[in-house]
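Participant: Got query26.pdb for you, PDB, C-alpha atoms:
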ATOM      1  CA  MET A 144      21.008 -19.132 -21.778  1.00  0.00           C
ATOM      2  CA  SER A 145      17.446 -18.276 -20.747  1.00  0.00           C
ATOM      3  CA  GLN A 146      15.100 -17.390 -23.582  1.00  0.00           C
ATOM      4  CA  PHE A 147      11.556 -16.108 -23.819  1.00  0.00           C
ATOM      5  CA  LEU A 148       9.321 -16.356 -26.852  1.00  0.00           C
ATOM      6  CA  PHE A 149       7.465 -13.092 -27.302  1.00  0.00           C
ATOM      7  CA  GLN A 150       4.536 -12.948 -29.706  1.00  0.00           C
ATOM      8  CA  PRO A 151       2.325 -10.102 -30.927  1.00  0.00           C
ATOM      9  CA  VAL A 152      -0.944  -9.624 -29.070  1.00  0.00           C
ATOM     10  CA  THR A 153      -4.256  -8.525 -30.535  1.00  0.00           C
ATOM     11  CA  THR A 154      -6.848  -5.957 -29.558  1.00  0.00           C
ATOM     12  CA  SER A 155      -9.534  -8.668 -29.539  1.00  0.00           C
ATOM     13  CA  SER A 156      -9.751 -12.000 -27.786  1.00  0.00           C
ATOM     14  CA  HIS A 157     -11.490 -13.461 -30.869  1.00  0.00           C
ATOM     15  CA  LYS A 158      -8.904 -12.609 -33.525  1.00  0.00           C
ATOM     16  CA  ARG A 159      -5.238 -13.470 -33.895  1.00  0.00           C
ATOM     17  CA  THR A 160      -2.723 -11.563 -35.973  1.00  0.00           C
ATOM     18  CA  SER A 161      -0.328 -13.404 -38.240  1.00  0.00           C
ATOM     19  CA  ALA A 162       3.157 -12.122 -37.393  1.00  0.00           C
ATOM     20  CA  LEU A 163       6.557 -13.561 -36.622  1.00  0.00           C
ATOM     21  CA  SER A 164       7.360 -14.614 -33.078  1.00  0.00           C
ATOM     22  CA  ILE A 165      10.472 -13.106 -31.531  1.00  0.00           C
ATOM     23  CA  ARG A 166      12.795 -15.031 -29.253  1.00  0.00           C
ATOM     24  CA  ILE A 167      14.801 -12.872 -26.886  1.00  0.00           C
ATOM     25  CA  GLY A 168      17.805 -14.337 -25.096  1.00  0.00           C
ATOM     26  CA  SER A 169      19.835 -13.041 -22.188  1.00  0.00           C
ATOM     27  CA  THR A 170      22.862 -12.382 -24.425  1.00  0.00           C
ATOM     28  CA  PRO A 171      21.716 -10.754 -27.666  1.00  0.00           C
ATOM     29  CA  GLU A 172      24.035 -10.753 -30.645  1.00  0.00           C
ATOM     30  CA  MET A 173      23.904  -6.982 -31.041  1.00  0.00           C
ATOM     31  CA  ALA A 174      23.394  -4.454 -28.281  1.00  0.00           C
ATOM     32  CA  SER A 175      20.190  -2.408 -28.502  1.00  0.00           C
ATOM     33  CA  PRO A 176      20.049   1.279 -27.596  1.00  0.00           C
ATOM     34  CA  ASN A 177      18.469   2.282 -24.324  1.00  0.00           C
ATOM     35  CA  GLN A 178      14.687   2.481 -24.333  1.00  0.00           C
ATOM     36  CA  VAL A 179      13.592   6.042 -25.065  1.00  0.00           C
ATOM     37  CA  LEU A 180      10.041   5.483 -23.879  1.00  0.00           C
ATOM     38  CA  LEU A 181       9.229   5.940 -20.219  1.00  0.00           C
ATOM     39  CA  LEU A 182       7.163   3.053 -18.830  1.00  0.00           C
ATOM     40  CA  GLU A 183       4.828   3.303 -15.858  1.00  0.00           C
ATOM     41  CA  PRO A 184       5.013   0.836 -14.193  1.00  0.00           C
ATOM     42  CA  ARG A 185       8.578   0.011 -15.205  1.00  0.00           C
ATOM     43  CA  TYR A 186       9.001  -3.637 -14.255  1.00  0.00           C
ATOM     44  CA  GLU A 187       5.747  -5.329 -13.231  1.00  0.00           C
ATOM     45  CA  LEU A 188       2.182  -5.577 -14.468  1.00  0.00           C
ATOM     46  CA  ARG A 189      -0.106  -6.514 -11.600  1.00  0.00           C
ATOM     47  CA  PHE A 190      -3.369  -8.404 -12.020  1.00  0.00           C
ATOM     48  CA  ARG A 191      -5.470  -9.007  -8.922  1.00  0.00           C
ATOM     49  CA  GLY A 192      -8.298 -11.536  -8.846  1.00  0.00           C
ATOM     50  CA  PRO A 193     -10.826 -12.917  -8.666  1.00  0.00           C
ATOM     51  CA  PHE A 194     -10.364 -13.916 -12.296  1.00  0.00           C
ATOM     52  CA  THR A 195     -13.935 -14.854 -13.157  1.00  0.00           C
ATOM     53  CA  GLU A 196     -14.052 -11.711 -15.310  1.00  0.00           C
ATOM     54  CA  VAL A 197     -11.538  -9.774 -17.385  1.00  0.00           C
ATOM     55  CA  VAL A 198      -8.932  -8.068 -15.190  1.00  0.00           C
ATOM     56  CA  THR A 199      -7.183  -5.022 -16.644  1.00  0.00           C
ATOM     57  CA  SER A 200      -3.778  -3.531 -15.891  1.00  0.00           C
ATOM     58  CA  THR A 201      -2.815  -0.167 -17.406  1.00  0.00           C
ATOM     59  CA  LEU A 202       0.624   0.607 -18.795  1.00  0.00           C
ATOM     60  CA  LYS A 203       1.459   4.253 -19.494  1.00  0.00           C
ATOM     61  CA  LEU A 204       3.958   4.930 -22.280  1.00  0.00           C
ATOM     62  CA  THR A 205       5.509   8.403 -22.471  1.00  0.00           C
ATOM     63  CA  ASN A 206       7.650   9.739 -25.293  1.00  0.00           C
ATOM     64  CA  PRO A 207       9.926  12.458 -23.849  1.00  0.00           C
ATOM     65  CA  THR A 208      11.860  12.926 -27.094  1.00  0.00           C
ATOM     66  CA  ASP A 209      11.395  15.448 -29.903  1.00  0.00           C
ATOM     67  CA  ARG A 210      10.692  12.658 -32.415  1.00  0.00           C
ATOM     68  CA  ASN A 211       7.732  10.379 -32.954  1.00  0.00           C
ATOM     69  CA  VAL A 212       8.236   6.828 -31.679  1.00  0.00           C
ATOM     70  CA  CYS A 213       6.713   3.615 -33.037  1.00  0.00           C
ATOM     71  CA  PHE A 214       5.839   0.914 -30.531  1.00  0.00           C
ATOM     72  CA  LYS A 215       4.409  -2.585 -30.389  1.00  0.00           C
ATOM     73  CA  VAL A 216       3.409  -4.830 -27.487  1.00  0.00           C
ATOM     74  CA  MET A 217       4.341  -8.513 -27.336  1.00  0.00           C
ATOM     75  CA  THR A 218       3.879 -11.221 -24.742  1.00  0.00           C
ATOM     76  CA  THR A 219       4.879 -14.801 -23.996  1.00  0.00           C
ATOM     77  CA  ALA A 220       1.187 -15.704 -23.528  1.00  0.00           C
ATOM     78  CA  PRO A 221      -0.787 -14.140 -26.442  1.00  0.00           C
ATOM     79  CA  ARG A 222      -3.842 -16.364 -25.887  1.00  0.00           C
ATOM     80  CA  ARG A 223      -4.274 -15.107 -22.345  1.00  0.00           C
ATOM     81  CA  TYR A 224      -4.234 -11.367 -22.980  1.00  0.00           C
ATOM     82  CA  CYS A 225      -5.952  -8.726 -25.074  1.00  0.00           C
ATOM     83  CA  VAL A 226      -4.158  -5.386 -25.528  1.00  0.00           C
ATOM     84  CA  ARG A 227      -5.519  -2.014 -26.675  1.00  0.00           C
ATOM     85  CA  PRO A 228      -3.722  -0.452 -28.447  1.00  0.00           C
ATOM     86  CA  ASN A 229      -1.186  -3.153 -29.243  1.00  0.00           C
ATOM     87  CA  ASN A 230       0.894  -0.971 -31.557  1.00  0.00           C
ATOM     88  CA  GLY A 231       1.045   2.533 -32.955  1.00  0.00           C
ATOM     89  CA  VAL A 232       2.947   5.796 -32.933  1.00  0.00           C
ATOM     90  CA  ILE A 233       3.449   8.091 -29.933  1.00  0.00           C
ATOM     91  CA  ASP A 234       3.926  11.711 -30.903  1.00  0.00           C
ATOM     92  CA  ALA A 235       6.873  13.678 -29.565  1.00  0.00           C
ATOM     93  CA  GLY A 236       6.228  14.713 -25.958  1.00  0.00           C
ATOM     94  CA  ALA A 237       2.975  12.725 -25.769  1.00  0.00           C
ATOM     95  CA  SER A 238       1.761   9.786 -23.688  1.00  0.00           C
ATOM     96  CA  ILE A 239      -0.714   6.950 -24.185  1.00  0.00           C
ATOM     97  CA  ASN A 240      -2.330   4.415 -21.875  1.00  0.00           C
ATOM     98  CA  VAL A 241      -2.200   0.773 -22.941  1.00  0.00           C
ATOM     99  CA  SER A 242      -4.904  -1.472 -21.486  1.00  0.00           C
ATOM    100  CA  ILE A 243      -3.669  -5.018 -20.914  1.00  0.00           C
ATOM    101  CA  MET A 244      -6.624  -7.319 -20.282  1.00  0.00           C
ATOM    102  CA  LEU A 245      -6.130 -10.722 -18.703  1.00  0.00           C
ATOM    103  CA  GLN A 246      -8.890 -13.064 -19.867  1.00  0.00           C
ATOM    104  CA  PRO A 247     -10.905 -15.095 -17.300  1.00  0.00           C
ATOM    105  CA  PHE A 248      -9.243 -18.323 -16.163  1.00  0.00           C
ATOM    106  CA  ASP A 249      -8.959 -20.775 -13.272  1.00  0.00           C
ATOM    107  CA  TYR A 250      -6.385 -19.307 -10.909  1.00  0.00           C
ATOM    108  CA  ASP A 251      -3.182 -21.300 -10.395  1.00  0.00           C
ATOM    109  CA  PRO A 252      -0.722 -19.990  -7.753  1.00  0.00           C
ATOM    110  CA  ASN A 253       2.132 -21.605  -9.691  1.00  0.00           C
ATOM    111  CA  CYS A 254       1.674 -19.300 -12.691  1.00  0.00           C
ATOM    112  CA  LYS A 255       2.920 -16.219 -10.820  1.00  0.00           C
ATOM    113  CA  GLY A 256       5.564 -14.366 -12.803  1.00  0.00           C
ATOM    114  CA  LYS A 257       5.572 -16.810 -15.711  1.00  0.00           C
ATOM    115  CA  HIS A 258       3.949 -14.429 -18.170  1.00  0.00           C
ATOM    116  CA  LYS A 259       6.055 -11.612 -19.564  1.00  0.00           C
ATOM    117  CA  PHE A 260       5.485  -8.587 -21.779  1.00  0.00           C
ATOM    118  CA  MET A 261       7.898  -6.745 -24.006  1.00  0.00           C
ATOM    119  CA  ILE A 262       7.535  -3.206 -25.302  1.00  0.00           C
ATOM    120  CA  ARG A 263       9.498  -2.765 -28.515  1.00  0.00           C
ATOM    121  CA  SER A 264      10.062   0.740 -29.831  1.00  0.00           C
ATOM    122  CA  LEU A 265      11.666   2.438 -32.798  1.00  0.00           C
ATOM    123  CA  LEU A 266      12.331   6.081 -33.601  1.00  0.00           C
ATOM    124  CA  ALA A 267       9.972   6.849 -36.456  1.00  0.00           C
ATOM    125  CA  PRO A 268      11.810   7.662 -39.693  1.00  0.00           C
ATOM    126  CA  PRO A 269      11.324  11.224 -40.974  1.00  0.00           C
ATOM    127  CA  HIS A 270       8.280  11.576 -43.236  1.00  0.00           C
ATOM    128  CA  MET A 271       7.113   8.031 -42.351  1.00  0.00           C
ATOM    129  CA  THR A 272       3.945   7.036 -44.206  1.00  0.00           C
ATOM    130  CA  ASP A 273       3.768   3.288 -43.497  1.00  0.00           C
ATOM    131  CA  ILE A 274       4.493   1.991 -39.994  1.00  0.00           C
ATOM    132  CA  GLU A 275       4.736  -1.607 -41.198  1.00  0.00           C
ATOM    133  CA  GLU A 276       7.434  -0.628 -43.689  1.00  0.00           C
ATOM    134  CA  ALA A 277       9.269   1.209 -40.911  1.00  0.00           C
ATOM    135  CA  TRP A 278       9.380  -1.949 -38.795  1.00  0.00           C
ATOM    136  CA  LYS A 279      10.363  -4.038 -41.801  1.00  0.00           C
ATOM    137  CA  ASP A 280      13.257  -1.743 -42.733  1.00  0.00           C
ATOM    138  CA  ALA A 281      14.523  -1.280 -39.162  1.00  0.00           C
ATOM    139  CA  LYS A 282      17.911  -2.717 -38.262  1.00  0.00           C
ATOM    140  CA  PRO A 283      18.349  -4.713 -35.037  1.00  0.00           C
ATOM    141  CA  VAL A 284      20.512  -1.955 -33.598  1.00  0.00           C
ATOM    142  CA  ASP A 285      17.598   0.507 -34.014  1.00  0.00           C
ATOM    143  CA  LEU A 286      15.182  -1.533 -31.917  1.00  0.00           C
ATOM    144  CA  MET A 287      14.642  -0.767 -28.237  1.00  0.00           C
ATOM    145  CA  ASP A 288      13.118  -3.355 -25.881  1.00  0.00           C
ATOM    146  CA  SER A 289      11.755  -3.202 -22.353  1.00  0.00           C
ATOM    147  CA  LYS A 290      10.448  -6.263 -20.548  1.00  0.00           C
ATOM    148  CA  LEU A 291       7.923  -6.535 -17.736  1.00  0.00           C
ATOM    149  CA  ILE A 292       6.777  -9.534 -15.735  1.00  0.00           C
ATOM    150  CA  CYS A 293       3.143 -10.215 -14.869  1.00  0.00           C
ATOM    151  CA  VAL A 294       2.265 -10.579 -11.199  1.00  0.00           C
ATOM    152  CA  ILE A 295      -0.971 -12.529 -10.897  1.00  0.00           C
ATOM    153  CA  GLU A 296      -2.386 -12.683  -7.395  1.00  0.00           C
ATOM    154  CA  MET A 297      -5.559 -13.286  -5.477  1.00  0.00           C
ATOM    155  CA  PRO A 298      -6.725 -10.911  -2.715  1.00  0.00           C
ATOM    156  CA  THR A 299      -5.902 -12.082   0.810  1.00  0.00           C
ATOM    157  CA  GLU A 300      -8.746 -13.260   3.028  1.00  0.00           C
ATOM    158  CA  VAL A 301      -8.702  -9.938   4.944  1.00  0.00           C
ATOM    159  CA  GLU A 302      -8.846  -7.956   1.697  1.00  0.00           C
ATOM    160  CA  SER A 303     -11.652 -10.173   0.425  1.00  0.00           C
ATOM    161  CA  ASN A 304     -13.629  -9.526   3.591  1.00  0.00           C
ATOM    162  CA  LYS A 305     -13.031  -5.787   3.221  1.00  0.00           C
ATOM    163  CA  MET A 306     -14.174  -5.921  -0.389  1.00  0.00           C
ATOM    164  CA  SER A 307     -17.268  -7.893   0.613  1.00  0.00           C
ATOM    165  CA  SER A 308     -17.969  -5.482   3.483  1.00  0.00           C
ATOM    166  CA  SER A 309     -17.526  -2.534   1.154  1.00  0.00           C
ATOM    167  CA  LEU A 310     -19.969  -4.078  -1.307  1.00  0.00           C
ATOM    168  CA  ASP A 311     -22.457  -4.748   1.523  1.00  0.00           C
ATOM    169  CA  ASP A 312     -22.157  -1.147   2.717  1.00  0.00           C
ATOM    170  CA  ARG A 313     -22.781   0.154  -0.796  1.00  0.00           C
ATOM    171  CA  GLU A 314     -25.826  -2.077  -1.151  1.00  0.00           C
ATOM    172  CA  VAL A 315     -27.214  -0.900   2.202  1.00  0.00           C
ATOM    173  CA  LYS A 316     -26.659   2.733   1.245  1.00  0.00           C
ATOM    174  CA  LYS A 317     -28.326   2.161  -2.108  1.00  0.00           C
ATOM    175  CA  ILE A 318     -31.346   0.487  -0.491  1.00  0.00           C
ATOM    176  CA  THR A 319     -31.578   3.245   2.146  1.00  0.00           C
ATOM    177  CA  GLU A 320     -31.574   5.948  -0.514  1.00  0.00           C
ATOM    178  CA  GLU A 321     -34.215   4.077  -2.477  1.00  0.00           C
ATOM    179  CA  CYS A 322     -36.400   3.790   0.640  1.00  0.00           C
ATOM    180  CA  LYS A 323     -36.089   7.536   1.254  1.00  0.00           C
ATOM    181  CA  ARG A 324     -37.036   8.224  -2.339  1.00  0.00           C
ATOM    182  CA  LEU A 325     -40.086   5.957  -2.072  1.00  0.00           C
ATOM    183  CA  GLN A 326     -41.140   7.555   1.216  1.00  0.00           C
ATOM    184  CA  MET A 327     -40.963  10.995  -0.379  1.00  0.00           C
ATOM    185  CA  GLU A 328     -42.975   9.718  -3.317  1.00  0.00           C
ATOM    186  CA  VAL A 329     -45.624   8.273  -0.988  1.00  0.00           C
ATOM    187  CA  GLN A 330     -45.799  11.591   0.894  1.00  0.00           C
ATOM    188  CA  ARG A 331     -46.185  13.478  -2.374  1.00  0.00           C
ATOM    189  CA  LEU A 332     -49.009  11.176  -3.474  1.00  0.00           C
ATOM    190  CA  ARG A 333     -50.754  11.633  -0.122  1.00  0.00           C
ATOM    191  CA  GLU A 334     -50.583  15.402  -0.490  1.00  0.00           C
ATOM    192  CA  GLU A 335     -51.967  15.175  -4.023  1.00  0.00           C
ATOM    193  CA  ASN A 336     -54.737  12.866  -2.841  1.00  0.00           C
ATOM    194  CA  LYS A 337     -55.592  15.214  -0.004  1.00  0.00           C
ATOM    195  CA  GLN A 338     -55.740  18.165  -2.391  1.00  0.00           C
ATOM    196  CA  ILE A 339     -57.970  16.216  -4.772  1.00  0.00           C
ATOM    197  CA  ARG A 340     -60.353  15.345  -1.930  1.00  0.00           C
ATOM    198  CA  GLN A 341     -60.504  18.965  -0.847  1.00  0.00           C
ATOM    199  CA  GLU A 342     -61.258  20.087  -4.379  1.00  0.00           C
ATOM    200  CA  ASP A 343     -63.914  17.389  -4.668  1.00  0.00           C
ATOM    201  CA  ASP A 344     -65.521  18.482  -1.391  1.00  0.00           C
ATOM    202  CA  SER A 345     -65.467  22.085  -2.582  1.00  0.00           C
ATOM    203  CA  LEU A 346     -67.181  21.133  -5.833  1.00  0.00           C
ATOM    204  CA  GLN A 347     -69.836  19.161  -3.978  1.00  0.00           C
ATOM    205  CA  MET A 348     -70.543  22.113  -1.673  1.00  0.00           C
ATOM    206  CA  ARG A 349     -70.868  24.459  -4.630  1.00  0.00           C
ATOM    207  CA  SER A 350     -73.206  22.049  -6.333  1.00  0.00           C
ATOM    208  CA  THR A 351     -75.393  21.781  -3.203  1.00  0.00           C
ATOM    209  CA  VAL A 352     -75.556  25.548  -2.775  1.00  0.00           C
ATOM    210  CA  LYS A 353     -76.494  25.975  -6.431  1.00  0.00           C
ATOM    211  CA  GLU A 354     -79.295  23.409  -6.127  1.00  0.00           C
ATOM    212  CA  ASN A 355     -80.684  25.161  -3.039  1.00  0.00           C
ATOM    213  CA  VAL A 356     -80.653  28.503  -4.783  1.00  0.00           C
ATOM    214  CA  ASN A 357     -82.496  27.093  -7.784  1.00  0.00           C
ATOM    215  CA  LYS A 358     -85.199  25.743  -5.537  1.00  0.00           C
TER     216      LYS A 358
END
So, in terms of structure tokens, how does the structure I just supplied come out?
Facilitator:
Amino acid sequence: MSQFLFQPVTTSSHKRTSALSIRIGSTPEMASPNQVLLLEPRYELRFRGPFTEVVTSTLKLTNPTDRNVCFKVMTTAPRRYCVRPNNGVIDAGASINVSIMLQPFDYDPNCKGKHKFMIRSLLAPPHMTDIEEAWKDAKPVDLMDSKLICVIEMPTEVESNKMSSSLDDREVKKITEECKRLQMEVQRLREENKQIRQEDDSLQMRSTVKENVNK
């Protein structure tokens, strides 16, 4: 029987939450109800390198029911990911976007598909005041789970060249616009300088005429 150890994830890469790990097998002891939340994407979270910086994948959770739904996000690799928000309540008919951030690492082609996420949900009890108590009091049959695999991939050489070309084009455009701005500024300064010289010449002529009159 294949099993995966899912653990809570945090909203920060510097802090870890203390919570129980959950091991999910392929043949659970008690059947769970179908997931009421709509997940987008449904099955895969894609992360595309390079992985020298944080790479983010967005998961949209929609609650189409007429009741509030509690949710929490867990993963088999909690040290590798930061999730915001990692738990909460989705109001009836509402949606939220969950940002799943893969931390920088040295890419290994063999790690494709090894990381998994699980979205666990629970219909919020009426008049709920404490979400932690709601999870604590929930029965296994009340819990709804959806699992997604992580697809970690590097851009192909062609895509990398396109990205590099796109960056080069943006840099050229930026430099061109800056040159135009500087040229306009130079032209403006020339006009101002010309006007100042004309005013100076006019003042000198007036001064000369005044001196001649006084003589």
Participant: Pick the closest to Gly192 in chain A from A:Phe214, A:Tyr250, A:Tyr224, A:Phe260: which is it, counting only C-alpha atoms?
Facilitator: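 Smallest distance to Gly192 in chain A is found for A:Tyr250.
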Participant: Need the neighbours of (-8.7, -12.6, -14.0): which residues are at most 9 Å away, counting all atoms listed in the file, as a list of chain:residue names?
Facilitator: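 Residues close enough to count: A:Phe190, A:Arg191, A:Gly192, A:Pro193, A:Phe194, A:Thr195, A:Glu196, A:Val197, A:Val198, A:Thr199, A:Met244, A:Leu245, A:Gln246, A:Pro247, A:Phe248, A:Asp249, A:Tyr250, A:Ile295.
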Participant: Just how far from CA of Asp251 in chain A is CA of Ser289 in chain A, in Å to one decimal?
Facilitator: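 For CA of Ser289 in chain A relative to CA of Asp251 in chain A, the distance reads 26.3 Å.
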Participant: For CA of Arg210 in chain A and CA of Ala235 in chain A, quote the distance in Å rounded to one decimal.
Facilitator: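 Between CA of Arg210 in chain A and CA of Ala235 in chain A the gap works out to 4.9 Å.
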Participant: Have a look at CA of Lys203 in chain A and CA of Ser242 in chain A and let me know their distance in Å, one decimal.
Facilitator: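 Computing it gives 8.8 Å between the two atoms.
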Participant: Can you work out which one of A:Asn240, A:Ser200, A:Gln347, A:Gln178 has the shortest atom-to-atom distance to Met261 in chain A, counting all atoms listed in the file?
Facilitator: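 Comparing A:Asn240, A:Ser200, A:Gln347, A:Gln178 against Met261 in chain A, the winner is A:Gln178.
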Participant: For the PyMOL selection byres ((chain A and resi 181-185) around 12), applied here, can you spell out every residue it catches as a PyMOL selection string?
Facilitator: chain A and resi 177-180+186-189+200-208+212+214+233+236-241+260-264+287-293
Participant: Counting only C-alpha atoms, figure out which residue out of A:Leu325, A:Val216, A:Met348, A:Val232 gets nearest to Pro268 in chain A.
Facilitator: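 For Pro268 in chain A, the nearest of the candidates is A:Val232.
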Participant: Using only C-alpha atoms, which residue out of A:Arg331, A:Arg324, A:Lys215, A:Arg222 lies closest to Glu275 in chain A?
Facilitator: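 Ranked by minimum distance to Glu275 in chain A, first place goes to A:Lys215.
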Participant: Given the choices A:Asp234, A:Ile318, A:His258, A:Pro228, which gets closest to Asp209 in chain A if the distance is worked out from only C-alpha atoms?
Facilitator: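 When distances to Asp209 in chain A are compared using only C-alpha atoms, the smallest one comes from A:Asp234.
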Participant: Start from the incomplete input, build N, CA, C and O atoms for range 264-284 of chain A, and deliver everything as a PDB file, in the coordinates of the input.
Facilitator:
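Saved the output as selection.pdb:
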ATOM      1  N   SER A 264      10.249  -0.590 -29.263  1.00  0.00           N
ATOM      2  CA  SER A 264      10.062   0.740 -29.831  1.00  0.00           C
ATOM      3  C   SER A 264      11.105   1.026 -30.898  1.00  0.00           C
ATOM      4  O   SER A 264      12.148   0.359 -30.990  1.00  0.00           O
ATOM      5  N   LEU A 265      10.827   2.062 -31.674  1.00  0.00           N
ATOM      6  CA  LEU A 265      11.666   2.438 -32.798  1.00  0.00           C
ATOM      7  C   LEU A 265      11.430   3.919 -33.086  1.00  0.00           C
ATOM      8  O   LEU A 265      10.279   4.352 -33.171  1.00  0.00           O
ATOM      9  N   LEU A 266      12.493   4.679 -33.214  1.00  0.00           N
ATOM     10  CA  LEU A 266      12.331   6.081 -33.601  1.00  0.00           C
ATOM     11  C   LEU A 266      11.762   6.133 -35.011  1.00  0.00           C
ATOM     12  O   LEU A 266      12.311   5.534 -35.941  1.00  0.00           O
ATOM     13  N   ALA A 267      10.635   6.809 -35.148  1.00  0.00           N
ATOM     14  CA  ALA A 267       9.972   6.849 -36.456  1.00  0.00           C
ATOM     15  C   ALA A 267      10.854   7.578 -37.464  1.00  0.00           C
ATOM     16  O   ALA A 267      11.370   8.665 -37.178  1.00  0.00           O
ATOM     17  N   PRO A 268      11.023   6.989 -38.655  1.00  0.00           N
ATOM     18  CA  PRO A 268      11.810   7.662 -39.693  1.00  0.00           C
ATOM     19  C   PRO A 268      11.139   8.973 -40.098  1.00  0.00           C
ATOM     20  O   PRO A 268       9.911   9.101 -40.024  1.00  0.00           O
ATOM     21  N   PRO A 269      11.917   9.959 -40.508  1.00  0.00           N
ATOM     22  CA  PRO A 269      11.324  11.224 -40.974  1.00  0.00           C
ATOM     23  C   PRO A 269      10.374  10.970 -42.140  1.00  0.00           C
ATOM     24  O   PRO A 269      10.649  10.143 -43.010  1.00  0.00           O
ATOM     25  N   HIS A 270       9.270  11.664 -42.159  1.00  0.00           N
ATOM     26  CA  HIS A 270       8.280  11.576 -43.236  1.00  0.00           C
ATOM     27  C   HIS A 270       7.744  10.149 -43.395  1.00  0.00           C
ATOM     28  O   HIS A 270       7.430   9.716 -44.507  1.00  0.00           O
ATOM     29  N   MET A 271       7.630   9.404 -42.287  1.00  0.00           N
ATOM     30  CA  MET A 271       7.113   8.031 -42.351  1.00  0.00           C
ATOM     31  C   MET A 271       5.656   8.033 -42.792  1.00  0.00           C
ATOM     32  O   MET A 271       4.841   8.802 -42.295  1.00  0.00           O
ATOM     33  N   THR A 272       5.323   7.161 -43.733  1.00  0.00           N
ATOM     34  CA  THR A 272       3.945   7.036 -44.206  1.00  0.00           C
ATOM     35  C   THR A 272       3.363   5.658 -43.934  1.00  0.00           C
ATOM     36  O   THR A 272       2.149   5.489 -43.931  1.00  0.00           O
ATOM     37  N   ASP A 273       4.223   4.668 -43.707  1.00  0.00           N
ATOM     38  CA  ASP A 273       3.768   3.288 -43.497  1.00  0.00           C
ATOM     39  C   ASP A 273       4.527   2.705 -42.316  1.00  0.00           C
ATOM     40  O   ASP A 273       5.731   2.446 -42.408  1.00  0.00           O
ATOM     41  N   ILE A 274       3.828   2.492 -41.198  1.00  0.00           N
ATOM     42  CA  ILE A 274       4.493   1.991 -39.994  1.00  0.00           C
ATOM     43  C   ILE A 274       5.014   0.572 -40.189  1.00  0.00           C
ATOM     44  O   ILE A 274       6.071   0.202 -39.663  1.00  0.00           O
ATOM     45  N   GLU A 275       4.290  -0.239 -40.956  1.00  0.00           N
ATOM     46  CA  GLU A 275       4.736  -1.607 -41.198  1.00  0.00           C
ATOM     47  C   GLU A 275       6.050  -1.623 -41.971  1.00  0.00           C
ATOM     48  O   GLU A 275       6.945  -2.431 -41.697  1.00  0.00           O
ATOM     49  N   GLU A 276       6.185  -0.726 -42.931  1.00  0.00           N
ATOM     50  CA  GLU A 276       7.434  -0.628 -43.689  1.00  0.00           C
ATOM     51  C   GLU A 276       8.575  -0.159 -42.791  1.00  0.00           C
ATOM     52  O   GLU A 276       9.718  -0.590 -42.938  1.00  0.00           O
ATOM     53  N   ALA A 277       8.243   0.721 -41.836  1.00  0.00           N
ATOM     54  CA  ALA A 277       9.269   1.209 -40.911  1.00  0.00           C
ATOM     55  C   ALA A 277       9.827   0.066 -40.070  1.00  0.00           C
ATOM     56  O   ALA A 277      11.047  -0.046 -39.876  1.00  0.00           O
ATOM     57  N   TRP A 278       8.930  -0.791 -39.574  1.00  0.00           N
ATOM     58  CA  TRP A 278       9.380  -1.949 -38.795  1.00  0.00           C
ATOM     59  C   TRP A 278      10.172  -2.915 -39.678  1.00  0.00           C
ATOM     60  O   TRP A 278      11.196  -3.468 -39.254  1.00  0.00           O
ATOM     61  N   LYS A 279       9.706  -3.099 -40.889  1.00  0.00           N
ATOM     62  CA  LYS A 279      10.363  -4.038 -41.801  1.00  0.00           C
ATOM     63  C   LYS A 279      11.772  -3.589 -42.156  1.00  0.00           C
ATOM     64  O   LYS A 279      12.694  -4.406 -42.270  1.00  0.00           O
ATOM     65  N   ASP A 280      11.961  -2.276 -42.321  1.00  0.00           N
ATOM     66  CA  ASP A 280      13.257  -1.743 -42.733  1.00  0.00           C
ATOM     67  C   ASP A 280      14.208  -1.488 -41.563  1.00  0.00           C
ATOM     68  O   ASP A 280      15.384  -1.184 -41.775  1.00  0.00           O
ATOM     69  N   ALA A 281      13.700  -1.594 -40.332  1.00  0.00           N
ATOM     70  CA  ALA A 281      14.523  -1.280 -39.162  1.00  0.00           C
ATOM     71  C   ALA A 281      15.644  -2.306 -38.990  1.00  0.00           C
ATOM     72  O   ALA A 281      15.458  -3.506 -39.208  1.00  0.00           O
ATOM     73  N   LYS A 282      16.788  -1.836 -38.561  1.00  0.00           N
ATOM     74  CA  LYS A 282      17.911  -2.717 -38.262  1.00  0.00           C
ATOM     75  C   LYS A 282      17.844  -3.108 -36.784  1.00  0.00           C
ATOM     76  O   LYS A 282      17.306  -2.372 -35.956  1.00  0.00           O
ATOM     77  N   PRO A 283      18.394  -4.280 -36.444  1.00  0.00           N
ATOM     78  CA  PRO A 283      18.349  -4.713 -35.037  1.00  0.00           C
ATOM     79  C   PRO A 283      18.901  -3.677 -34.070  1.00  0.00           C
ATOM     80  O   PRO A 283      18.391  -3.531 -32.955  1.00  0.00           O
ATOM     81  N   VAL A 284      19.916  -2.941 -34.489  1.00  0.00           N
ATOM     82  CA  VAL A 284      20.512  -1.955 -33.598  1.00  0.00           C
ATOM     83  C   VAL A 284      19.583  -0.779 -33.331  1.00  0.00           C
ATOM     84  O   VAL A 284      19.773  -0.020 -32.374  1.00  0.00           O
TER      85      VAL A 284
END
